[in-house]
Amino acid sequence: FWIRLKDKNIRVGENQTLTFELRDKDEKPVTNLEPYQGAAARCAIISDDFKTYVHAAPSAKQINNGRGPQISFAANFPRAGKYTLWAQFQHRGQVITQPIGFEVK
């Protein structure tokens with residue numbers, strides 16, 4: 001799997017929706033995710049200096065029917081810097097964890 005964050009303009013102090021896209025090793029969109037802990041995916045977001053943890057909740061639409069390839073989370077960042085989003089999702093019975101690095105301005 002590979003994962004790509006679609007949002008490029010992430011700013012401090014704004015309620016935002018972060019959307020990432022899942023693709024398989026052949027770069028085909030993954031459209032058959034299985035529910036994982038009641039949602040299409042779960043994630044944790046941590047600043048690269050480990051001083052900030054950002055809670056991100058899956059969008060309500062995806063709690064019941066998110067199958068991919070796009071997954072969205074609501075988040076608000078208290079300070080600028082580099083962050084890593086650790087996404088967890090389930091595919092064919094296997095829980096997969098993928099990191100995505102990005103910057104908040």
# chains A, B, ... in the order shown; residues from 1 in each chain; ligands from 1

call {"tool": "residues_around", "arguments": {"residues": "Arg92 (chain A)", "least_positions_apart": "4", "cutoff": "9 Å", "atoms": "only C-alpha atoms", "output": "list of chain:residue names"}}
result
A:Asn32, A:Leu33, A:Glu34

call {"tool": "write_last_selection", "arguments": {"atoms": "all heavy atoms", "output": "PDB file, in the first residue's frame"}}
result
ATOM      1  N   ASN A  32     -11.945  -1.470  -1.166  1.00  0.00           N
ATOM      2  CA  ASN A  32     -12.584  -2.533  -0.392  1.00  0.00           C
ATOM      3  C   ASN A  32     -12.051  -2.617   1.039  1.00  0.00           C
ATOM      4  O   ASN A  32     -11.811  -3.691   1.566  1.00  0.00           O
ATOM      5  CB  ASN A  32     -12.449  -3.876  -1.104  1.00  0.00           C
ATOM      6  CG  ASN A  32     -11.002  -4.292  -1.324  1.00  0.00           C
ATOM      7  OD1 ASN A  32     -10.088  -3.487  -1.209  1.00  0.00           O
ATOM      8  ND2 ASN A  32     -10.800  -5.552  -1.656  1.00  0.00           N
ATOM      9  N   LEU A  33     -11.873  -1.453   1.680  1.00  0.00           N
ATOM     10  CA  LEU A  33     -11.482  -1.457   3.086  1.00  0.00           C
ATOM     11  C   LEU A  33     -12.585  -2.069   3.924  1.00  0.00           C
ATOM     12  O   LEU A  33     -13.770  -1.974   3.589  1.00  0.00           O
ATOM     13  CB  LEU A  33     -11.216  -0.038   3.579  1.00  0.00           C
ATOM     14  CG  LEU A  33      -9.995   0.663   3.015  1.00  0.00           C
ATOM     15  CD1 LEU A  33      -9.914   2.080   3.557  1.00  0.00           C
ATOM     16  CD2 LEU A  33      -8.730  -0.105   3.313  1.00  0.00           C
ATOM     17  N   GLU A  34     -12.191  -2.673   5.017  1.00  0.00           N
ATOM     18  CA  GLU A  34     -13.138  -3.243   5.971  1.00  0.00           C
ATOM     19  C   GLU A  34     -13.212  -2.304   7.176  1.00  0.00           C
ATOM     20  O   GLU A  34     -12.240  -1.610   7.474  1.00  0.00           O
ATOM     21  CB  GLU A  34     -12.635  -4.614   6.408  1.00  0.00           C
ATOM     22  CG  GLU A  34     -12.505  -5.578   5.249  1.00  0.00           C
ATOM     23  CD  GLU A  34     -11.604  -6.766   5.553  1.00  0.00           C
ATOM     24  OE1 GLU A  34     -10.902  -6.766   6.585  1.00  0.00           O
ATOM     25  OE2 GLU A  34     -11.593  -7.689   4.727  1.00  0.00           O
TER      26      GLU A  34
END

call {"tool": "atom_distance", "arguments": {"atom1": "CA of Lys51 (chain A)", "atom2": "CA of Asn9 (chain A)"}}
result
21.6 Å

call {"tool": "residues_around", "arguments": {"residues": "Arg67 (chain A)", "least_positions_apart": "6", "cutoff": "10 Å", "atoms": "only C-alpha atoms", "output": "VMD selection string"}}
result
chain A and resid 30 to 35 39 to 41 89 to 91

call {"tool": "write_last_selection", "arguments": {"atoms": "all heavy atoms", "output": "PDB file, in the first residue's frame"}}
result
ATOM      1  N   VAL A  30      -7.609   1.620  -3.673  1.00  0.00           N
ATOM      2  CA  VAL A  30      -8.142   0.583  -2.787  1.00  0.00           C
ATOM      3  C   VAL A  30      -9.577   0.978  -2.446  1.00  0.00           C
ATOM      4  O   VAL A  30      -9.808   2.029  -1.848  1.00  0.00           O
ATOM      5  CB  VAL A  30      -7.296   0.457  -1.509  1.00  0.00           C
ATOM      6  CG1 VAL A  30      -7.908  -0.540  -0.549  1.00  0.00           C
ATOM      7  CG2 VAL A  30      -5.872   0.056  -1.867  1.00  0.00           C
ATOM      8  N   THR A  31     -10.538   0.142  -2.834  1.00  0.00           N
ATOM      9  CA  THR A  31     -11.952   0.467  -2.631  1.00  0.00           C
ATOM     10  C   THR A  31     -12.678  -0.580  -1.794  1.00  0.00           C
ATOM     11  O   THR A  31     -13.906  -0.563  -1.723  1.00  0.00           O
ATOM     12  CB  THR A  31     -12.672   0.601  -3.989  1.00  0.00           C
ATOM     13  OG1 THR A  31     -12.539  -0.633  -4.697  1.00  0.00           O
ATOM     14  CG2 THR A  31     -12.095   1.743  -4.809  1.00  0.00           C
ATOM     15  N   ASN A  32     -11.945  -1.470  -1.166  1.00  0.00           N
ATOM     16  CA  ASN A  32     -12.584  -2.533  -0.392  1.00  0.00           C
ATOM     17  C   ASN A  32     -12.051  -2.617   1.039  1.00  0.00           C
ATOM     18  O   ASN A  32     -11.811  -3.691   1.566  1.00  0.00           O
ATOM     19  CB  ASN A  32     -12.449  -3.876  -1.104  1.00  0.00           C
ATOM     20  CG  ASN A  32     -11.002  -4.292  -1.324  1.00  0.00           C
ATOM     21  OD1 ASN A  32     -10.088  -3.487  -1.209  1.00  0.00           O
ATOM     22  ND2 ASN A  32     -10.800  -5.552  -1.656  1.00  0.00           N
ATOM     23  N   LEU A  33     -11.873  -1.453   1.680  1.00  0.00           N
ATOM     24  CA  LEU A  33     -11.482  -1.457   3.086  1.00  0.00           C
ATOM     25  C   LEU A  33     -12.585  -2.069   3.924  1.00  0.00           C
ATOM     26  O   LEU A  33     -13.770  -1.974   3.589  1.00  0.00           O
ATOM     27  CB  LEU A  33     -11.216  -0.038   3.579  1.00  0.00           C
ATOM     28  CG  LEU A  33      -9.995   0.663   3.015  1.00  0.00           C
ATOM     29  CD1 LEU A  33      -9.914   2.080   3.557  1.00  0.00           C
ATOM     30  CD2 LEU A  33      -8.730  -0.105   3.313  1.00  0.00           C
ATOM     31  N   GLU A  34     -12.191  -2.673   5.017  1.00  0.00           N
ATOM     32  CA  GLU A  34     -13.138  -3.243   5.971  1.00  0.00           C
ATOM     33  C   GLU A  34     -13.212  -2.304   7.176  1.00  0.00           C
ATOM     34  O   GLU A  34     -12.240  -1.610   7.474  1.00  0.00           O
ATOM     35  CB  GLU A  34     -12.635  -4.614   6.408  1.00  0.00           C
ATOM     36  CG  GLU A  34     -12.505  -5.578   5.249  1.00  0.00           C
ATOM     37  CD  GLU A  34     -11.604  -6.766   5.553  1.00  0.00           C
ATOM     38  OE1 GLU A  34     -10.902  -6.766   6.585  1.00  0.00           O
ATOM     39  OE2 GLU A  34     -11.593  -7.689   4.727  1.00  0.00           O
ATOM     40  N   PRO A  35     -14.345  -2.257   7.866  1.00  0.00           N
ATOM     41  CA  PRO A  35     -14.426  -1.401   9.050  1.00  0.00           C
ATOM     42  C   PRO A  35     -13.329  -1.761  10.051  1.00  0.00           C
ATOM     43  O   PRO A  35     -13.033  -2.931  10.274  1.00  0.00           O
ATOM     44  CB  PRO A  35     -15.810  -1.708   9.622  1.00  0.00           C
ATOM     45  CG  PRO A  35     -16.590  -2.220   8.464  1.00  0.00           C
ATOM     46  CD  PRO A  35     -15.595  -2.960   7.608  1.00  0.00           C
ATOM     47  N   ALA A  39     -14.903   2.386  12.025  1.00  0.00           N
ATOM     48  CA  ALA A  39     -14.697   3.437  11.023  1.00  0.00           C
ATOM     49  C   ALA A  39     -13.876   2.880   9.864  1.00  0.00           C
ATOM     50  O   ALA A  39     -13.364   1.765   9.932  1.00  0.00           O
ATOM     51  CB  ALA A  39     -13.986   4.628  11.645  1.00  0.00           C
ATOM     52  N   ALA A  40     -13.745   3.678   8.819  1.00  0.00           N
ATOM     53  CA  ALA A  40     -12.936   3.263   7.676  1.00  0.00           C
ATOM     54  C   ALA A  40     -11.465   3.158   8.060  1.00  0.00           C
ATOM     55  O   ALA A  40     -10.727   2.330   7.538  1.00  0.00           O
ATOM     56  CB  ALA A  40     -13.098   4.249   6.529  1.00  0.00           C
ATOM     57  N   ALA A  41     -11.038   4.024   8.992  1.00  0.00           N
ATOM     58  CA  ALA A  41      -9.646   4.029   9.442  1.00  0.00           C
ATOM     59  C   ALA A  41      -9.566   4.782  10.764  1.00  0.00           C
ATOM     60  O   ALA A  41     -10.508   5.459  11.158  1.00  0.00           O
ATOM     61  CB  ALA A  41      -8.748   4.694   8.400  1.00  0.00           C
ATOM     62  N   PHE A  89      -5.796   1.068   9.053  1.00  0.00           N
ATOM     63  CA  PHE A  89      -6.986   0.615   8.359  1.00  0.00           C
ATOM     64  C   PHE A  89      -6.908  -0.895   8.203  1.00  0.00           C
ATOM     65  O   PHE A  89      -5.853  -1.497   8.407  1.00  0.00           O
ATOM     66  CB  PHE A  89      -7.147   1.323   7.011  1.00  0.00           C
ATOM     67  CG  PHE A  89      -5.922   1.256   6.146  1.00  0.00           C
ATOM     68  CD1 PHE A  89      -5.767   0.245   5.218  1.00  0.00           C
ATOM     69  CD2 PHE A  89      -4.922   2.205   6.264  1.00  0.00           C
ATOM     70  CE1 PHE A  89      -4.639   0.173   4.427  1.00  0.00           C
ATOM     71  CE2 PHE A  89      -3.782   2.143   5.475  1.00  0.00           C
ATOM     72  CZ  PHE A  89      -3.647   1.128   4.552  1.00  0.00           C
ATOM     73  N   GLN A  90      -8.031  -1.502   7.872  1.00  0.00           N
ATOM     74  CA  GLN A  90      -8.069  -2.955   7.728  1.00  0.00           C
ATOM     75  C   GLN A  90      -8.423  -3.323   6.292  1.00  0.00           C
ATOM     76  O   GLN A  90      -9.363  -2.795   5.711  1.00  0.00           O
ATOM     77  CB  GLN A  90      -9.106  -3.554   8.684  1.00  0.00           C
ATOM     78  CG  GLN A  90      -9.096  -5.071   8.678  1.00  0.00           C
ATOM     79  CD  GLN A  90      -9.889  -5.632   9.836  1.00  0.00           C
ATOM     80  OE1 GLN A  90      -9.688  -5.252  10.977  1.00  0.00           O
ATOM     81  NE2 GLN A  90     -10.795  -6.540   9.532  1.00  0.00           N
ATOM     82  N   HIS A  91      -7.643  -4.269   5.752  1.00  0.00           N
ATOM     83  CA  HIS A  91      -7.845  -4.746   4.380  1.00  0.00           C
ATOM     84  C   HIS A  91      -7.642  -6.248   4.360  1.00  0.00           C
ATOM     85  O   HIS A  91      -6.592  -6.740   4.776  1.00  0.00           O
ATOM     86  CB  HIS A  91      -6.861  -4.051   3.436  1.00  0.00           C
ATOM     87  CG  HIS A  91      -7.063  -4.364   2.010  1.00  0.00           C
ATOM     88  ND1 HIS A  91      -6.266  -5.232   1.319  1.00  0.00           N
ATOM     89  CD2 HIS A  91      -8.005  -3.925   1.126  1.00  0.00           C
ATOM     90  CE1 HIS A  91      -6.686  -5.312   0.074  1.00  0.00           C
ATOM     91  NE2 HIS A  91      -7.739  -4.531  -0.071  1.00  0.00           N
TER      92      HIS A  91
END

call {"tool": "residues_around", "arguments": {"residues": "region 54-60 of chain A", "least_positions_apart": "4", "cutoff": "10 Å", "atoms": "only C-alpha atoms", "output": "PDB file with N, CA, C and O atoms, in the first residue's frame"}}
result
ATOM      1  N   GLN A  16     -10.049  21.721  10.083  1.00  0.00           N
ATOM      2  CA  GLN A  16      -9.746  21.271   8.734  1.00  0.00           C
ATOM      3  C   GLN A  16     -10.123  19.816   8.546  1.00  0.00           C
ATOM      4  O   GLN A  16     -10.194  19.060   9.509  1.00  0.00           O
ATOM      5  N   THR A  17     -10.317  19.461   7.305  1.00  0.00           N
ATOM      6  CA  THR A  17     -10.516  18.062   6.954  1.00  0.00           C
ATOM      7  C   THR A  17      -9.276  17.589   6.223  1.00  0.00           C
ATOM      8  O   THR A  17      -8.909  18.160   5.195  1.00  0.00           O
ATOM      9  N   LEU A  18      -8.615  16.588   6.773  1.00  0.00           N
ATOM     10  CA  LEU A  18      -7.456  15.985   6.119  1.00  0.00           C
ATOM     11  C   LEU A  18      -7.942  14.767   5.346  1.00  0.00           C
ATOM     12  O   LEU A  18      -8.602  13.892   5.902  1.00  0.00           O
ATOM     13  N   THR A  19      -7.611  14.716   4.081  1.00  0.00           N
ATOM     14  CA  THR A  19      -8.032  13.606   3.240  1.00  0.00           C
ATOM     15  C   THR A  19      -6.806  12.909   2.690  1.00  0.00           C
ATOM     16  O   THR A  19      -5.919  13.552   2.142  1.00  0.00           O
ATOM     17  N   GLY A  38     -14.960   0.436  14.041  1.00  0.00           N
ATOM     18  CA  GLY A  38     -16.165   1.209  13.761  1.00  0.00           C
ATOM     19  C   GLY A  38     -16.026   2.311  12.742  1.00  0.00           C
ATOM     20  O   GLY A  38     -16.937   3.114  12.567  1.00  0.00           O
ATOM     21  N   ALA A  39     -14.903   2.386  12.025  1.00  0.00           N
ATOM     22  CA  ALA A  39     -14.697   3.437  11.023  1.00  0.00           C
ATOM     23  C   ALA A  39     -13.876   2.880   9.864  1.00  0.00           C
ATOM     24  O   ALA A  39     -13.364   1.765   9.932  1.00  0.00           O
ATOM     25  N   ALA A  40     -13.745   3.678   8.819  1.00  0.00           N
ATOM     26  CA  ALA A  40     -12.936   3.263   7.676  1.00  0.00           C
ATOM     27  C   ALA A  40     -11.465   3.158   8.060  1.00  0.00           C
ATOM     28  O   ALA A  40     -10.727   2.330   7.538  1.00  0.00           O
ATOM     29  N   ALA A  41     -11.038   4.024   8.992  1.00  0.00           N
ATOM     30  CA  ALA A  41      -9.646   4.029   9.442  1.00  0.00           C
ATOM     31  C   ALA A  41      -9.566   4.782  10.764  1.00  0.00           C
ATOM     32  O   ALA A  41     -10.508   5.459  11.158  1.00  0.00           O
ATOM     33  N   ARG A  42      -8.443   4.669  11.405  1.00  0.00           N
ATOM     34  CA  ARG A  42      -8.139   5.430  12.622  1.00  0.00           C
ATOM     35  C   ARG A  42      -6.791   6.091  12.406  1.00  0.00           C
ATOM     36  O   ARG A  42      -5.979   5.633  11.598  1.00  0.00           O
ATOM     37  N   CYS A  43      -6.536   7.178  13.140  1.00  0.00           N
ATOM     38  CA  CYS A  43      -5.217   7.791  12.992  1.00  0.00           C
ATOM     39  C   CYS A  43      -4.800   8.512  14.259  1.00  0.00           C
ATOM     40  O   CYS A  43      -5.633   8.859  15.096  1.00  0.00           O
ATOM     41  N   ALA A  44      -3.496   8.705  14.374  1.00  0.00           N
ATOM     42  CA  ALA A  44      -2.888   9.529  15.401  1.00  0.00           C
ATOM     43  C   ALA A  44      -1.957  10.485  14.677  1.00  0.00           C
ATOM     44  O   ALA A  44      -1.309  10.102  13.696  1.00  0.00           O
ATOM     45  N   ILE A  45      -1.915  11.731  15.134  1.00  0.00           N
ATOM     46  CA  ILE A  45      -1.043  12.729  14.511  1.00  0.00           C
ATOM     47  C   ILE A  45      -0.124  13.277  15.591  1.00  0.00           C
ATOM     48  O   ILE A  45      -0.594  13.752  16.627  1.00  0.00           O
ATOM     49  N   ILE A  46       1.183  13.206  15.340  1.00  0.00           N
ATOM     50  CA  ILE A  46       2.170  13.624  16.325  1.00  0.00           C
ATOM     51  C   ILE A  46       3.191  14.527  15.648  1.00  0.00           C
ATOM     52  O   ILE A  46       3.657  14.236  14.538  1.00  0.00           O
ATOM     53  N   SER A  47       3.547  15.631  16.319  1.00  0.00           N
ATOM     54  CA  SER A  47       4.570  16.521  15.763  1.00  0.00           C
ATOM     55  C   SER A  47       5.911  15.808  15.763  1.00  0.00           C
ATOM     56  O   SER A  47       6.168  14.920  16.585  1.00  0.00           O
ATOM     57  N   ASN A  64     -19.730   4.753   8.836  1.00  0.00           N
ATOM     58  CA  ASN A  64     -20.574   3.629   8.442  1.00  0.00           C
ATOM     59  C   ASN A  64     -20.235   3.013   7.092  1.00  0.00           C
ATOM     60  O   ASN A  64     -20.425   1.836   6.892  1.00  0.00           O
ATOM     61  N   ASN A  65     -19.757   3.808   6.129  1.00  0.00           N
ATOM     62  CA  ASN A  65     -19.606   3.238   4.798  1.00  0.00           C
ATOM     63  C   ASN A  65     -18.287   3.555   4.101  1.00  0.00           C
ATOM     64  O   ASN A  65     -18.190   3.411   2.895  1.00  0.00           O
ATOM     65  N   GLY A  66     -17.274   3.991   4.801  1.00  0.00           N
ATOM     66  CA  GLY A  66     -15.995   4.279   4.158  1.00  0.00           C
ATOM     67  C   GLY A  66     -15.314   3.012   3.686  1.00  0.00           C
ATOM     68  O   GLY A  66     -15.027   2.130   4.472  1.00  0.00           O
ATOM     69  N   ILE A  71     -10.025   8.661   2.458  1.00  0.00           N
ATOM     70  CA  ILE A  71     -10.431   8.648   3.855  1.00  0.00           C
ATOM     71  C   ILE A  71     -10.200  10.053   4.399  1.00  0.00           C
ATOM     72  O   ILE A  71      -9.162  10.666   4.128  1.00  0.00           O
ATOM     73  N   SER A  72     -11.154  10.577   5.179  1.00  0.00           N
ATOM     74  CA  SER A  72     -11.039  11.940   5.706  1.00  0.00           C
ATOM     75  C   SER A  72     -11.121  11.960   7.222  1.00  0.00           C
ATOM     76  O   SER A  72     -11.841  11.161   7.826  1.00  0.00           O
ATOM     77  N   PHE A  73     -10.392  12.911   7.817  1.00  0.00           N
ATOM     78  CA  PHE A  73     -10.388  13.135   9.252  1.00  0.00           C
ATOM     79  C   PHE A  73     -10.485  14.621   9.531  1.00  0.00           C
ATOM     80  O   PHE A  73      -9.900  15.429   8.807  1.00  0.00           O
ATOM     81  N   ALA A  74     -11.192  14.981  10.596  1.00  0.00           N
ATOM     82  CA  ALA A  74     -11.257  16.362  11.054  1.00  0.00           C
ATOM     83  C   ALA A  74     -10.141  16.586  12.058  1.00  0.00           C
ATOM     84  O   ALA A  74      -9.905  15.745  12.930  1.00  0.00           O
ATOM     85  N   ALA A  75      -9.431  17.722  11.939  1.00  0.00           N
ATOM     86  CA  ALA A  75      -8.322  18.013  12.851  1.00  0.00           C
ATOM     87  C   ALA A  75      -8.138  19.521  12.989  1.00  0.00           C
ATOM     88  O   ALA A  75      -8.556  20.287  12.118  1.00  0.00           O
ATOM     89  N   ASN A  76      -7.483  19.921  14.078  1.00  0.00           N
ATOM     90  CA  ASN A  76      -7.133  21.314  14.312  1.00  0.00           C
ATOM     91  C   ASN A  76      -5.746  21.317  14.947  1.00  0.00           C
ATOM     92  O   ASN A  76      -5.524  20.652  15.962  1.00  0.00           O
ATOM     93  N   PHE A  77      -4.816  22.068  14.368  1.00  0.00           N
ATOM     94  CA  PHE A  77      -3.419  22.058  14.814  1.00  0.00           C
ATOM     95  C   PHE A  77      -3.115  23.308  15.628  1.00  0.00           C
ATOM     96  O   PHE A  77      -3.331  24.424  15.155  1.00  0.00           O
ATOM     97  N   PRO A  78      -2.565  23.151  16.847  1.00  0.00           N
ATOM     98  CA  PRO A  78      -2.305  24.289  17.717  1.00  0.00           C
ATOM     99  C   PRO A  78      -1.032  25.064  17.376  1.00  0.00           C
ATOM    100  O   PRO A  78      -0.863  26.191  17.827  1.00  0.00           O
ATOM    101  N   TYR A  83       4.658  17.287  11.027  1.00  0.00           N
ATOM    102  CA  TYR A  83       3.867  16.280  11.720  1.00  0.00           C
ATOM    103  C   TYR A  83       3.897  14.974  10.938  1.00  0.00           C
ATOM    104  O   TYR A  83       4.155  14.956   9.738  1.00  0.00           O
ATOM    105  N   LEU A  85       1.205  11.730  10.409  1.00  0.00           N
ATOM    106  CA  LEU A  85      -0.096  11.108  10.631  1.00  0.00           C
ATOM    107  C   LEU A  85       0.120   9.614  10.476  1.00  0.00           C
ATOM    108  O   LEU A  85       0.633   9.159   9.460  1.00  0.00           O
TER     109      LEU A  85
END

call {"tool": "select_by_dssp", "arguments": {"residues": "region 49-85 of chain A", "states": "helix (DSSP H, G or I)", "output": "PDB file with N, CA and C atoms, in the first residue's frame"}}
result
ATOM      1  N   ALA A  60     -18.033  11.708   9.758  1.00  0.00           N
ATOM      2  CA  ALA A  60     -19.239  10.935  10.062  1.00  0.00           C
ATOM      3  C   ALA A  60     -19.661  10.053   8.897  1.00  0.00           C
ATOM      4  N   LYS A  61     -19.507  10.534   7.688  1.00  0.00           N
ATOM      5  CA  LYS A  61     -19.893   9.754   6.509  1.00  0.00           C
ATOM      6  C   LYS A  61     -19.138   8.432   6.454  1.00  0.00           C
ATOM      7  N   GLN A  62     -17.888   8.444   6.857  1.00  0.00           N
ATOM      8  CA  GLN A  62     -17.063   7.251   6.731  1.00  0.00           C
ATOM      9  C   GLN A  62     -17.199   6.290   7.894  1.00  0.00           C
ATOM     10  N   ILE A  63     -17.801   6.713   8.967  1.00  0.00           N
ATOM     11  CA  ILE A  63     -17.950   5.813  10.100  1.00  0.00           C
ATOM     12  C   ILE A  63     -18.738   4.577   9.682  1.00  0.00           C
ATOM     13  N   ASN A  64     -19.730   4.753   8.836  1.00  0.00           N
ATOM     14  CA  ASN A  64     -20.574   3.629   8.442  1.00  0.00           C
ATOM     15  C   ASN A  64     -20.235   3.013   7.092  1.00  0.00           C
ATOM     16  N   ASN A  65     -19.757   3.808   6.129  1.00  0.00           N
ATOM     17  CA  ASN A  65     -19.606   3.238   4.798  1.00  0.00           C
ATOM     18  C   ASN A  65     -18.287   3.555   4.101  1.00  0.00           C
TER      19      ASN A  65
END

call {"tool": "residues_around", "arguments": {"residues": "Val104 (chain A)", "least_positions_apart": "3", "cutoff": "9 Å", "atoms": "only C-alpha atoms", "output": "VMD selection string"}}
result
chain A and resid 9 to 12 77 79 to 83

call {"tool": "write_last_selection", "arguments": {"atoms": "N, CA and C atoms", "output": "PDB file, in the first residue's frame"}}
result
ATOM      1  N   ASN A   9      -2.448  22.711   1.968  1.00  0.00           N
ATOM      2  CA  ASN A   9      -2.413  23.999   2.659  1.00  0.00           C
ATOM      3  C   ASN A   9      -3.006  23.850   4.059  1.00  0.00           C
ATOM      4  N   ILE A  10      -2.275  23.222   4.951  1.00  0.00           N
ATOM      5  CA  ILE A  10      -2.748  22.962   6.309  1.00  0.00           C
ATOM      6  C   ILE A  10      -2.248  24.093   7.204  1.00  0.00           C
ATOM      7  N   ARG A  11      -3.179  24.723   7.920  1.00  0.00           N
ATOM      8  CA  ARG A  11      -2.837  25.911   8.704  1.00  0.00           C
ATOM      9  C   ARG A  11      -3.155  25.735  10.191  1.00  0.00           C
ATOM     10  N   VAL A  12      -2.423  26.475  10.999  1.00  0.00           N
ATOM     11  CA  VAL A  12      -2.590  26.479  12.448  1.00  0.00           C
ATOM     12  C   VAL A  12      -3.954  27.071  12.821  1.00  0.00           C
ATOM     13  N   PHE A  77      -4.816  22.068  14.368  1.00  0.00           N
ATOM     14  CA  PHE A  77      -3.419  22.058  14.814  1.00  0.00           C
ATOM     15  C   PHE A  77      -3.115  23.308  15.628  1.00  0.00           C
ATOM     16  N   ARG A  79      -0.127  24.456  16.603  1.00  0.00           N
ATOM     17  CA  ARG A  79       1.115  25.167  16.265  1.00  0.00           C
ATOM     18  C   ARG A  79       1.683  24.646  14.940  1.00  0.00           C
ATOM     19  N   ALA A  80       2.489  25.494  14.331  1.00  0.00           N
ATOM     20  CA  ALA A  80       3.119  25.134  13.058  1.00  0.00           C
ATOM     21  C   ALA A  80       4.228  24.110  13.286  1.00  0.00           C
ATOM     22  N   GLY A  81       4.588  23.433  12.213  1.00  0.00           N
ATOM     23  CA  GLY A  81       5.687  22.487  12.288  1.00  0.00           C
ATOM     24  C   GLY A  81       5.439  21.271  11.424  1.00  0.00           C
ATOM     25  N   LYS A  82       6.356  20.336  11.525  1.00  0.00           N
ATOM     26  CA  LYS A  82       6.240  19.087  10.782  1.00  0.00           C
ATOM     27  C   LYS A  82       5.545  18.049  11.651  1.00  0.00           C
ATOM     28  N   TYR A  83       4.658  17.287  11.027  1.00  0.00           N
ATOM     29  CA  TYR A  83       3.867  16.280  11.720  1.00  0.00           C
ATOM     30  C   TYR A  83       3.897  14.974  10.938  1.00  0.00           C
TER      31      TYR A  83
END

call {"tool": "residues_around", "arguments": {"residues": "Pro99 (chain A)", "least_positions_apart": "4", "cutoff": "8 Å", "atoms": "only C-alpha atoms", "output": "JSON, numbers by chain"}}
result
{"A": [3, 84, 85, 86, 87]}

call {"tool": "closest_residue", "arguments": {"among": "A:Gln70, A:Phe102, A:Gln88, A:Trp2", "to": "Gln37 (chain A)", "atoms": "only C-alpha atoms"}}
result
A:Gln88

call {"tool": "atom_distance", "arguments": {"atom1": "CA of Asp7 (chain A)", "atom2": "CA of Gly101 (chain A)"}}
result
11.7 Å
